[in-house]
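The next block is input.txt, given as compact mmCIF, C-alpha atoms and all ligand atoms.
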```txt
# COMPACT_ATOMS: atom_id res chain seq x y z
CA MET A 1 21.00 -22.97 -9.21
CA ALA A 2 20.20 -22.42 -5.54
CA ALA A 3 19.37 -18.84 -4.61
CA LEU A 4 18.21 -16.92 -1.56
CA ARG A 5 14.55 -15.91 -1.70
CA SER A 6 12.55 -13.51 0.47
CA VAL A 7 9.62 -15.63 1.61
CA VAL A 8 6.49 -14.19 3.26
CA VAL A 9 6.16 -15.98 6.62
CA GLY A 10 3.69 -13.68 8.38
CA CYS A 11 1.15 -10.98 7.74
CA GLY A 12 -0.81 -8.56 9.93
CA SER A 13 -2.75 -5.32 9.91
CA SER A 14 -4.30 -2.72 12.15
CA LEU A 15 -7.08 -0.19 11.65
CA PRO A 16 -8.05 2.52 14.14
CA ALA A 17 -11.22 1.66 16.07
CA ARG A 18 -13.12 4.66 14.75
CA ALA A 19 -14.88 3.88 11.46
CA VAL A 20 -16.50 6.80 9.65
CA SER A 21 -19.17 6.05 7.05
CA ASN A 22 -19.84 8.17 3.99
CA ARG A 23 -23.10 9.30 5.58
CA GLU A 24 -21.31 10.48 8.71
CA LEU A 25 -18.77 12.32 6.55
CA ALA A 26 -21.59 14.00 4.62
CA GLU A 27 -22.63 15.69 7.87
CA ARG A 28 -19.40 17.70 7.94
CA VAL A 29 -18.47 17.91 4.21
CA ASP A 30 -20.63 18.79 1.17
CA THR A 31 -20.75 15.28 -0.29
CA SER A 32 -22.98 12.22 -0.41
CA ASP A 33 -22.75 8.48 0.05
CA GLU A 34 -23.97 8.06 -3.53
CA TRP A 35 -21.21 10.27 -5.03
CA ILE A 36 -18.41 8.62 -3.05
CA VAL A 37 -19.55 5.05 -3.75
CA GLN A 38 -20.18 5.67 -7.43
CA ARG A 39 -16.87 7.48 -8.10
CA THR A 40 -14.57 5.50 -5.80
CA GLY A 41 -16.22 2.41 -4.30
CA ILE A 42 -15.38 3.69 -0.80
CA ARG A 43 -18.06 3.14 1.86
CA SER A 44 -16.13 3.70 5.06
CA ARG A 45 -12.70 4.72 6.34
CA HIS A 46 -11.00 4.55 9.76
CA LEU A 47 -9.66 7.68 11.42
CA ALA A 48 -6.88 7.58 14.01
CA ALA A 49 -7.49 8.90 17.53
CA SER A 50 -5.16 11.67 18.70
CA ASP A 51 -2.83 9.20 20.43
CA GLU A 52 -2.76 6.82 17.46
CA THR A 53 0.26 7.95 15.49
CA THR A 54 1.63 6.23 12.40
CA SER A 55 4.18 4.32 14.51
CA VAL A 56 1.44 3.16 16.91
CA LEU A 57 -0.59 1.73 14.03
CA GLY A 58 2.55 0.33 12.40
CA THR A 59 3.64 -1.34 15.64
CA ARG A 60 0.25 -3.04 16.04
CA ALA A 61 0.37 -4.35 12.47
CA ALA A 62 3.96 -5.53 12.96
CA GLN A 63 3.02 -7.33 16.20
CA ALA A 64 0.19 -9.09 14.38
CA ALA A 65 2.56 -10.11 11.57
CA LEU A 66 5.13 -11.43 14.05
CA ALA A 67 2.46 -13.42 15.90
CA ASP A 68 1.22 -14.81 12.59
CA ALA A 69 4.78 -15.89 11.74
CA GLY A 70 5.30 -17.40 15.19
CA LEU A 71 8.35 -15.15 15.61
CA SER A 72 9.46 -12.59 18.17
CA ALA A 73 11.29 -9.26 17.98
CA ALA A 74 14.62 -11.05 18.55
CA ASP A 75 14.22 -12.82 15.21
CA ILE A 76 14.10 -9.57 13.21
CA ASP A 77 17.17 -7.74 11.90
CA LEU A 78 15.60 -5.29 9.44
CA VAL A 79 12.60 -2.98 9.81
CA ILE A 80 11.44 -0.92 6.86
CA CYS A 81 8.43 1.35 7.16
CA ALA A 82 6.78 2.83 4.08
CA THR A 83 5.05 6.05 5.08
CA SER A 84 4.44 9.63 4.01
CA THR A 85 2.96 10.56 7.37
CA PRO A 86 5.83 9.92 9.81
CA ASP A 87 5.32 10.67 13.51
CA HIS A 88 8.14 13.22 13.26
CA THR A 89 10.35 14.72 10.57
CA PHE A 90 13.00 12.53 12.14
CA PRO A 91 13.88 9.98 13.49
CA SER A 92 12.27 7.55 11.09
CA THR A 93 8.97 5.92 11.99
CA ALA A 94 10.69 2.57 11.41
CA THR A 95 13.02 3.24 14.35
CA GLN A 96 10.01 4.03 16.55
CA ILE A 97 8.39 0.75 15.52
CA GLN A 98 11.69 -1.05 16.07
CA ALA A 99 11.94 0.34 19.62
CA ALA A 100 8.28 -0.35 20.45
CA LEU A 101 8.68 -3.97 19.33
CA GLY A 102 11.98 -4.43 21.14
CA VAL A 103 14.02 -5.20 18.02
CA GLU A 104 17.68 -4.65 18.90
CA ARG A 105 19.57 -6.03 15.91
CA GLY A 106 20.17 -4.71 12.43
CA CYS A 107 18.82 -1.45 11.04
CA ALA A 108 15.52 0.36 10.56
CA PHE A 109 14.58 3.09 8.12
CA ASP A 110 11.64 4.62 6.27
CA VAL A 111 10.89 4.45 2.58
CA GLN A 112 8.97 7.34 1.08
CA ALA A 113 7.27 6.61 -2.22
CA VAL A 114 3.79 7.71 -1.12
CA CYS A 115 1.12 5.19 -2.22
CA ALA A 116 3.76 3.05 -3.95
CA GLY A 117 5.78 2.93 -0.73
CA PHE A 118 4.94 -0.63 0.26
CA VAL A 119 6.04 -2.02 -3.12
CA PHE A 120 9.27 -0.01 -2.88
CA ALA A 121 9.80 -1.27 0.69
CA VAL A 122 9.20 -4.92 -0.27
CA SER A 123 11.66 -4.61 -3.15
CA THR A 124 14.24 -2.93 -0.89
CA ALA A 125 13.90 -5.59 1.82
CA ASP A 126 14.14 -8.31 -0.85
CA ARG A 127 17.48 -6.91 -2.00
CA PHE A 128 18.81 -6.94 1.59
CA LEU A 129 17.65 -10.51 2.16
CA ARG A 130 18.85 -11.96 -1.13
CA THR A 131 22.33 -10.46 -0.69
CA GLY A 132 22.75 -11.65 2.90
CA GLY A 133 22.38 -8.15 4.39
CA ALA A 134 19.62 -9.35 6.73
CA THR A 135 17.85 -12.60 7.58
CA ARG A 136 14.33 -11.55 8.57
CA ALA A 137 12.64 -8.28 7.71
CA LEU A 138 9.51 -6.59 8.93
CA VAL A 139 8.07 -4.58 6.06
CA VAL A 140 5.41 -2.17 7.28
CA GLY A 141 3.10 0.23 5.45
CA ALA A 142 1.59 2.69 7.93
CA GLU A 143 -0.22 5.98 7.45
CA THR A 144 -2.32 8.64 9.15
CA PHE A 145 -3.45 10.56 6.06
CA SER A 146 -6.32 12.09 8.05
CA ARG A 147 -3.65 14.41 9.51
CA ILE A 148 -2.58 15.82 6.11
CA VAL A 149 -5.84 16.01 4.19
CA ASP A 150 -7.55 19.38 3.95
CA TRP A 151 -10.88 18.74 5.65
CA GLU A 152 -12.32 21.75 3.78
CA ASP A 153 -11.55 20.13 0.40
CA ARG A 154 -14.28 17.64 -0.48
CA THR A 155 -12.45 16.53 -3.62
CA THR A 156 -9.74 14.85 -1.52
CA CYS A 157 -10.79 14.45 2.13
CA VAL A 158 -13.46 11.84 1.37
CA LEU A 159 -10.91 9.56 -0.29
CA PHE A 160 -8.37 8.86 2.43
CA GLY A 161 -8.15 6.91 5.68
CA ASP A 162 -5.69 5.70 8.32
CA GLY A 163 -4.27 2.23 8.92
CA ALA A 164 -1.28 -0.08 8.77
CA GLY A 165 -0.27 -3.47 7.47
CA ALA A 166 2.91 -5.53 7.69
CA ILE A 167 4.55 -8.67 6.41
CA VAL A 168 7.54 -10.64 7.66
CA LEU A 169 10.00 -11.68 4.95
CA GLU A 170 12.53 -14.41 5.70
CA ALA A 171 15.61 -15.29 3.64
CA ARG A 172 15.31 -18.93 2.61
CA GLU A 173 17.24 -21.04 0.19
CA GLY A 174 15.27 -21.63 -3.01
CA ARG A 175 16.02 -23.53 -6.18
CA GLY A 176 16.36 -20.34 -8.20
CA THR A 177 13.36 -21.12 -10.39
CA ASN A 178 10.04 -19.32 -10.60
CA ALA A 179 8.47 -22.25 -8.73
CA ASP A 180 10.21 -20.96 -5.58
CA ARG A 181 8.24 -19.28 -2.83
CA GLY A 182 9.14 -15.64 -2.20
CA VAL A 183 9.53 -12.35 -4.05
CA LEU A 184 10.13 -13.45 -7.65
CA SER A 185 10.48 -10.06 -9.33
CA ALA A 186 9.93 -6.35 -8.84
CA SER A 187 9.84 -3.32 -11.11
CA LEU A 188 10.01 0.25 -9.78
CA ARG A 189 9.70 3.60 -11.57
CA SER A 190 9.54 7.29 -10.70
CA ASP A 191 9.05 10.43 -12.74
CA GLY A 192 9.34 13.64 -10.72
CA ARG A 193 7.97 15.79 -13.53
CA HIS A 194 4.47 14.88 -12.31
CA ARG A 195 4.96 16.50 -8.90
CA ASP A 196 2.15 19.05 -9.19
CA LYS A 197 -0.51 16.43 -9.82
CA LEU A 198 -0.25 14.95 -6.33
CA TYR A 199 1.76 16.58 -3.56
CA VAL A 200 1.69 18.09 -0.08
CA ASP A 201 1.99 21.89 -0.02
CA GLY A 202 4.32 22.02 2.98
CA GLY A 203 7.42 20.44 4.44
CA PRO A 204 10.30 21.03 6.85
CA GLY A 205 12.66 22.27 4.15
CA SER A 206 10.21 24.60 2.40
CA THR A 207 7.36 26.10 4.41
CA GLY A 208 8.35 24.73 7.79
CA THR A 209 4.79 23.42 8.11
CA THR A 210 3.31 19.96 7.60
CA GLY A 211 1.08 21.15 4.75
CA HIS A 212 -1.96 19.57 3.12
CA LEU A 213 -2.47 17.04 0.36
CA ARG A 214 -3.29 18.54 -3.06
CA MET A 215 -4.38 16.42 -6.00
CA GLN A 216 -5.49 16.83 -9.59
CA GLY A 217 -7.72 13.78 -9.37
CA LYS A 218 -8.48 13.37 -13.06
CA GLU A 219 -4.78 13.56 -14.02
CA VAL A 220 -3.85 10.96 -11.40
CA PHE A 221 -6.72 8.75 -12.54
CA ARG A 222 -5.58 8.91 -16.17
CA PHE A 223 -1.98 8.05 -15.29
CA ALA A 224 -3.03 5.32 -12.88
CA VAL A 225 -5.05 3.36 -15.43
CA GLY A 226 -2.73 3.97 -18.36
CA SER A 227 0.94 4.28 -17.65
CA VAL A 228 1.44 1.91 -14.77
CA LEU A 229 0.98 -1.22 -16.82
CA ASP A 230 4.70 -1.00 -17.74
CA VAL A 231 5.87 -2.10 -14.28
CA ILE A 232 3.27 -4.86 -14.06
CA GLU A 233 4.23 -6.26 -17.45
CA ASP A 234 7.93 -5.95 -16.56
CA ALA A 235 7.46 -7.83 -13.27
CA PHE A 236 5.60 -10.62 -15.08
CA ALA A 237 8.25 -10.80 -17.84
CA GLN A 238 11.18 -10.87 -15.38
CA ALA A 239 9.69 -13.91 -13.65
CA GLY A 240 8.59 -15.62 -16.87
CA PHE A 241 4.85 -15.35 -16.18
CA THR A 242 1.82 -13.72 -17.80
CA PRO A 243 -1.36 -12.38 -16.15
CA LYS A 244 -3.04 -15.72 -16.92
CA ASP A 245 -0.75 -17.40 -14.37
CA LEU A 246 -1.84 -15.09 -11.56
CA ASP A 247 -3.87 -16.28 -8.58
CA TRP A 248 -4.41 -12.89 -6.90
CA PHE A 249 -4.10 -9.29 -8.08
CA VAL A 250 -3.63 -7.08 -5.01
CA PRO A 251 -3.39 -3.47 -6.22
CA HIS A 252 -3.11 -0.25 -4.26
CA GLN A 253 -6.59 0.44 -2.90
CA ALA A 254 -7.29 3.99 -4.09
CA ASN A 255 -10.37 3.71 -6.25
CA ARG A 256 -12.45 0.74 -7.37
CA ARG A 257 -12.76 2.14 -10.90
CA ILE A 258 -8.96 2.42 -11.28
CA ILE A 259 -8.47 -1.11 -9.94
CA GLU A 260 -11.09 -2.66 -12.22
CA ALA A 261 -9.89 -0.75 -15.29
CA SER A 262 -6.31 -1.94 -14.68
CA ALA A 263 -7.41 -5.54 -14.16
CA ASP A 264 -9.53 -5.42 -17.33
CA LYS A 265 -6.61 -4.10 -19.39
CA LEU A 266 -4.45 -6.99 -18.15
CA GLY A 267 -7.20 -9.54 -18.75
CA ILE A 268 -7.34 -10.46 -15.05
CA PRO A 269 -10.81 -11.72 -14.12
CA ARG A 270 -12.62 -9.76 -11.39
CA GLU A 271 -12.77 -12.77 -9.05
CA LYS A 272 -8.95 -12.70 -8.81
CA VAL A 273 -8.89 -9.03 -7.78
CA VAL A 274 -8.63 -8.30 -4.06
CA LEU A 275 -10.70 -5.23 -3.28
CA THR A 276 -10.80 -3.72 0.20
CA VAL A 277 -11.03 -0.01 -0.63
CA ASP A 278 -14.72 -0.06 0.34
CA ARG A 279 -13.85 -0.67 4.02
CA HIS A 280 -10.83 1.59 4.56
CA GLY A 281 -10.55 4.08 1.69
CA ASN A 282 -7.15 5.07 0.36
CA THR A 283 -4.62 4.40 3.11
CA SER A 284 -1.64 5.11 0.83
CA ALA A 285 1.33 2.85 1.68
CA ALA A 286 -0.81 0.81 4.08
CA SER A 287 -3.41 -0.23 1.54
CA ILE A 288 -1.62 -3.20 -0.05
CA PRO A 289 -0.64 -4.95 3.20
CA LEU A 290 -4.17 -4.29 4.54
CA ALA A 291 -5.59 -5.99 1.44
CA LEU A 292 -3.04 -8.83 1.61
CA ASP A 293 -3.91 -9.49 5.25
CA ALA A 294 -7.66 -9.46 4.56
CA ALA A 295 -7.33 -11.91 1.66
CA ARG A 296 -5.03 -14.20 3.60
CA ARG A 297 -7.21 -14.27 6.69
CA ASP A 298 -10.40 -14.99 4.75
CA GLY A 299 -8.64 -17.94 3.10
CA ARG A 300 -8.25 -16.58 -0.42
CA ILE A 301 -4.44 -16.22 -0.53
CA ARG A 302 -2.77 -19.55 0.28
CA GLU A 303 0.77 -20.83 0.36
CA GLY A 304 2.08 -21.30 -3.18
CA ASP A 305 -0.31 -18.76 -4.76
CA LEU A 306 1.11 -16.29 -7.28
CA VAL A 307 0.31 -12.76 -6.07
CA MET A 308 0.90 -9.46 -7.88
CA ILE A 309 1.10 -6.26 -5.84
CA GLU A 310 1.16 -2.91 -7.64
CA ALA A 311 0.72 0.78 -6.83
CA ILE A 312 1.14 4.30 -8.08
CA GLY A 313 1.47 7.43 -5.98
CA GLY A 314 2.82 10.95 -5.71
CA GLY A 315 5.95 11.81 -7.62
CA PHE A 316 4.79 9.98 -9.59
CA SER A 317 6.32 6.78 -8.25
CA TRP A 318 4.96 3.40 -9.22
CA GLY A 319 5.92 -0.22 -8.90
CA ALA A 320 4.88 -3.85 -9.03
CA ALA A 321 6.17 -7.03 -7.45
CA LEU A 322 5.35 -10.67 -8.06
CA ILE A 323 5.34 -12.87 -4.98
CA ARG A 324 4.81 -16.61 -4.65
CA TRP A 325 3.13 -16.74 -1.25
O1 LIG B 401 -3.40 6.97 -4.29
C1 LIG B 401 -3.18 7.52 -5.55
C2 LIG B 401 -3.79 8.81 -5.66
N1 LIG B 401 -5.16 8.98 -5.83
C3 LIG B 401 -5.97 8.43 -6.74
O2 LIG B 401 -5.77 7.38 -7.28
C4 LIG B 401 -7.20 9.19 -7.09
C5 LIG B 401 -7.37 9.35 -8.57
N2 LIG B 401 -8.55 10.09 -8.94
C6 LIG B 401 -9.80 9.69 -8.67
O3 LIG B 401 -10.01 8.68 -8.05
C7 LIG B 401 -10.96 10.52 -9.21
O4 LIG B 401 -10.48 11.48 -10.12
C8 LIG B 401 -11.76 11.21 -8.09
C9 LIG B 401 -12.52 10.16 -7.29
C10 LIG B 401 -10.82 11.97 -7.18
C11 LIG B 401 -12.77 12.18 -8.69
O5 LIG B 401 -13.61 11.51 -9.59
P1 LIG B 401 -13.94 12.19 -10.99
O6 LIG B 401 -14.91 11.29 -11.68
O7 LIG B 401 -12.64 12.46 -11.69
O8 LIG B 401 -14.70 13.52 -10.55
P2 LIG B 401 -14.36 15.03 -10.90
O9 LIG B 401 -13.13 15.47 -10.20
O10 LIG B 401 -14.42 15.21 -12.38
O11 LIG B 401 -15.59 15.76 -10.27
C12 LIG B 401 -16.93 15.59 -10.80
C13 LIG B 401 -17.90 16.47 -10.03
C14 LIG B 401 -17.45 17.91 -9.93
O12 LIG B 401 -18.61 18.73 -10.02
P3 LIG B 401 -18.97 19.46 -11.41
O13 LIG B 401 -17.81 20.33 -11.72
O14 LIG B 401 -19.16 18.36 -12.40
O15 LIG B 401 -20.22 20.19 -11.06
C15 LIG B 401 -16.90 18.02 -8.53
O16 LIG B 401 -17.00 19.33 -7.98
O17 LIG B 401 -18.00 15.97 -8.69
C16 LIG B 401 -17.79 17.07 -7.77
N3 LIG B 401 -17.18 16.55 -6.56
C17 LIG B 401 -17.90 16.08 -5.54
N4 LIG B 401 -19.23 15.97 -5.33
C18 LIG B 401 -19.63 15.40 -4.18
C19 LIG B 401 -15.86 16.42 -6.28
N5 LIG B 401 -15.71 15.86 -5.07
C20 LIG B 401 -16.95 15.64 -4.59
C21 LIG B 401 -17.45 15.07 -3.40
N6 LIG B 401 -18.78 14.98 -3.23
N7 LIG B 401 -16.64 14.61 -2.43
```
What would the structure in this file look like if it were written as structure tokens?
Amino acid sequence: MAALRSVVVGCGSSLPARAVSNRELAERVDTSDEWIVQRTGIRSRHLAASDETTSVLGTRAAQAALADAGLSAADIDLVICATSTPDHTFPSTATQIQAALGVERGCAFDVQAVCAGFVFAVSTADRFLRTGGATRALVVGAETFSRIVDWEDRTTCVLFGDGAGAIVLEAREGRGTNADRGVLSASLRSDGRHRDKLYVDGGPGSTGTTGHLRMQGKEVFRFAVGSVLDVIEDAFAQAGFTPKDLDWFVPHQANRRIIEASADKLGIPREKVVLTVDRHGNTSAASIPLALDAARRDGRIREGDLVMIEAIGGGFSWGAALIRW
């Protein structure tokens, strides 16, 4: 039976010009290139200049995605931005991106699910598009985590970076089978009991300050490689696929060890895993669209490929979505 599908028609990304290597970081923090590479796989991250806010990075990524799709701002009627580092408490960063692009139709809002934000945003946009609530959506993941890390805390500050990525989703008529292009399934979860393992110790409604990121790294690591398989397996099952059918596994880029352990548990061979954490560190909600854009531009992800995106972040919140590109 015919059904509307949310098809990826464009992809783009943006990293701040300033790249900071592990060695450069070791000049200001008590760490080493060897420790960071061995524990995380990160070699470099990009840090935003003072005038590069989250919406600036998000707008650049969105412009690249629109150009890639051959579309203009007038074609878009939904903008969703996944971010935990908005320019301001309000209005939403999505509205700032909307205005900068010149989008005048439809609505724009932020989704806040920390590192899982892009998966939540894709699933949200998909529901709008499949129910006729919008026709073309810009889904952006944009972050400036360098502004909320505690630069005195070597256990966290070496892990994060700034950046943005975006995709354009277009509602298209499909046949309603899993051979269709588009978002085929999504599975989202949250469990707020894990708050203290990964949080920011400030906020407008509590301290009145922005606060800094705090993380119990080992606890997050354990959860990330263990409990998140439920959403991945659910997304596969919903669409009638197994990991063997997958062309590309594009996980949240937090830590190479977490990514490889998850892929191993699912039986996904390493050559199908897209890994970009080495070049930009953990960019939270931006990491998946940055990885998608890299793999599409270097020719790995092609039209018709089956792609799994998955992430876990503060809350905890976690999710997975299966997309036929
Ligand atoms: O986006 C989702 C959220 N984040 C994540 O997915 C991160 C999840 N967690 C992790 O990736 C890992 O737990 C980390 C990379 C954060 C840490 O790796 P670990 O293997 O769990 O290290 P650890 O915390 O057990 O620390 C081992 C040692 C400690 O020294 P002692 O106590 O053994 O003497 C730390 O003090 O490494 C030390 N250490 C460092 N040394 C050099 C911690 N940070 C650093 C550092 N440089 N930056």
*Could you please extract the residues within 6 Å of ligand LIG 401 (chain B), counting only C-alpha atoms and all ligand atoms, and hand them back as a ChimeraX atom specification?*
/A:31-32,35,39-40,115,154-155,158,217-218,220-221,254-255,284,312-313
*Separation of CA of Gly315 in chain A and CA of Gly192 in chain A, in Å?*
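For CA of Gly315 in chain A relative to CA of Gly192 in chain A, the distance reads 4.9 Å.
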*Smallest atom-to-atom distance to Arg181 in chain A: which of A:Val20, A:Leu25, A:Val307, A:Ala294, using all atoms listed in the file?*
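For Arg181 in chain A, the nearest of the given residues is A:Val307.
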*asked:* Report as a PyMOL selection string all protein, DNA and RNA residues lying within 12 Å of Ala263 in chain A, evaluated on all atoms listed in the file, omitting residues in the same chain fewer than 4 positions from it.
replied: chain A and resi 224-226+228-229+232+243-244+246+248-251+256-259+267-275+308-310
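Considering the residues A:Ala99, A:Val139, A:Ala82, A:Ala61 and counting all atoms listed in the file, Val111 in chain A has its shortest atom-to-atom contact with A:Ala82.
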*asked:* With distances taken over only C-alpha atoms, which residue among A:Arg222, A:Ala100, A:Thr135, A:Pro16 lies nearest Ala261 in chain A?
replied: A:Arg222
For Leu15 in chain A: contacts at 7 Å, all atoms listed in the file, fewer than 2 positions along chain excluded, given as a PDB file with C-alpha atoms, in the coordinates of the input:
```pdb
ATOM      1  CA  SER A  13      -2.750  -5.320   9.910  1.00  0.00           C
ATOM      2  CA  ALA A  17     -11.220   1.660  16.070  1.00  0.00           C
ATOM      3  CA  HIS A  46     -11.000   4.550   9.760  1.00  0.00           C
ATOM      4  CA  ASP A 162      -5.690   5.700   8.320  1.00  0.00           C
ATOM      5  CA  GLY A 163      -4.270   2.230   8.920  1.00  0.00           C
ATOM      6  CA  ALA A 164      -1.280  -0.080   8.770  1.00  0.00           C
TER       7      ALA A 164
END
```
*Write out as a PyMOL selection string each polymer residue whose atoms come within 7 Å of Asp150 in chain A, counting all atoms listed in the file; drop sequence neighbours fewer than 4 positions from it.*
chain A and resi 157+212-213
*A:Ala186, A:Ala113, A:Ala142, A:Leu292: which is nearest Thr85 in chain A, counting all atoms listed in the file?*
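That would be A:Ala142, the residue with the smallest distance to Thr85 in chain A.
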With all atoms of range 64-79 of chain A from the file as input, state the centre and edge lengths in Å to one decimal of the axis-aligned box that has 3 Å extra on each side, as lines of an AutoDock Vina configuration file.
```
center_x = 8.7
center_y = -10.2
center_z = 14.0
size_x = 23.0
size_y = 20.4
size_z = 15.1
```
*Which residue of A:Arg5, A:Ser14, A:Gln216, A:Ile80 approaches Val200 in chain A most closely, using only C-alpha atoms*: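 Closest to Val200 in chain A, using only C-alpha atoms: A:Gln216.
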*CA of Val79 in chain A and CA of Leu198 in chain A, how far apart in Å?*
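Going from CA of Leu198 in chain A over to CA of Val79 in chain A covers 27.3 Å.
The closest residue to Arg23 in chain A, picked from A:Ala311, A:Arg45, A:Leu101, A:Asp293 and counting all atoms listed in the file, is A:Arg45.
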Taking (-9.2, -4.8, 0.7) in the file's coordinates, which residues come within 8 Å, counting only C-alpha atoms, written as an mmCIF file with C-alpha atoms, keeping the file's coordinate frame?
```
data_model
loop_
_atom_site.group_PDB
_atom_site.id
_atom_site.type_symbol
_atom_site.label_atom_id
_atom_site.label_comp_id
_atom_site.auth_asym_id
_atom_site.auth_seq_id
_atom_site.Cartn_x
_atom_site.Cartn_y
_atom_site.Cartn_z
ATOM 1 C CA GLN A 253 -6.590 0.440 -2.900
ATOM 2 C CA VAL A 274 -8.630 -8.300 -4.060
ATOM 3 C CA LEU A 275 -10.700 -5.230 -3.280
ATOM 4 C CA THR A 276 -10.800 -3.720 0.200
ATOM 5 C CA VAL A 277 -11.030 -0.010 -0.630
ATOM 6 C CA ASP A 278 -14.720 -0.060 0.340
ATOM 7 C CA ARG A 279 -13.850 -0.670 4.020
ATOM 8 C CA HIS A 280 -10.830 1.590 4.560
ATOM 9 C CA SER A 287 -3.410 -0.230 1.540
ATOM 10 C CA ILE A 288 -1.620 -3.200 -0.050
ATOM 11 C CA LEU A 290 -4.170 -4.290 4.540
ATOM 12 C CA ALA A 291 -5.590 -5.990 1.440
ATOM 13 C CA LEU A 292 -3.040 -8.830 1.610
ATOM 14 C CA ALA A 294 -7.660 -9.460 4.560
ATOM 15 C CA ALA A 295 -7.330 -11.910 1.660
#
```
*Thr59 in chain A surroundings by only C-alpha atoms, 12 Å radius, close-in-sequence under 3 positions cut, as a PyMOL selection string*: chain A and resi 12-15+52-56+62-66+73+79-81+93-103+138-143+163-167
Since the input lacks some atoms of range 139-151 of chain A, please model N, CA and C atoms and print them as a CSV table (one decimal), in the frame of the given file.
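So result.csv came out as:
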```csv
chain,number,residue,atom,x,y,z
A,139,VAL,N,8.4,-5.6,7.0
A,139,VAL,CA,8.1,-4.6,6.1
A,139,VAL,C,6.7,-4.0,6.4
A,140,VAL,N,6.6,-2.8,6.8
A,140,VAL,CA,5.4,-2.2,7.3
A,140,VAL,C,5.0,-1.1,6.3
A,141,GLY,N,3.7,-1.0,6.1
A,141,GLY,CA,3.1,0.2,5.4
A,141,GLY,C,2.2,0.9,6.5
A,142,ALA,N,2.4,2.1,6.9
A,142,ALA,CA,1.6,2.7,7.9
A,142,ALA,C,1.3,4.2,7.6
A,143,GLU,N,0.1,4.6,7.8
A,143,GLU,CA,-0.2,6.0,7.4
A,143,GLU,C,-1.3,6.6,8.4
A,144,THR,N,-1.2,7.9,8.5
A,144,THR,CA,-2.3,8.6,9.2
A,144,THR,C,-2.6,9.8,8.2
A,145,PHE,N,-3.2,9.5,7.0
A,145,PHE,CA,-3.4,10.6,6.1
A,145,PHE,C,-4.5,11.6,6.5
A,146,SER,N,-5.3,11.1,7.5
A,146,SER,CA,-6.3,12.1,8.0
A,146,SER,C,-5.7,13.3,8.6
A,147,ARG,N,-4.4,13.2,8.9
A,147,ARG,CA,-3.6,14.4,9.5
A,147,ARG,C,-3.1,15.4,8.4
A,148,ILE,N,-3.1,14.9,7.2
A,148,ILE,CA,-2.6,15.8,6.1
A,148,ILE,C,-3.6,16.2,5.1
A,149,VAL,N,-4.8,15.6,5.1
A,149,VAL,CA,-5.8,16.0,4.2
A,149,VAL,C,-6.4,17.3,4.6
A,150,ASP,N,-6.9,18.1,3.7
A,150,ASP,CA,-7.6,19.4,4.0
A,150,ASP,C,-9.0,19.1,4.1
A,151,TRP,N,-9.5,19.1,5.4
A,151,TRP,CA,-10.9,18.7,5.6
A,151,TRP,C,-11.9,19.7,5.1
```
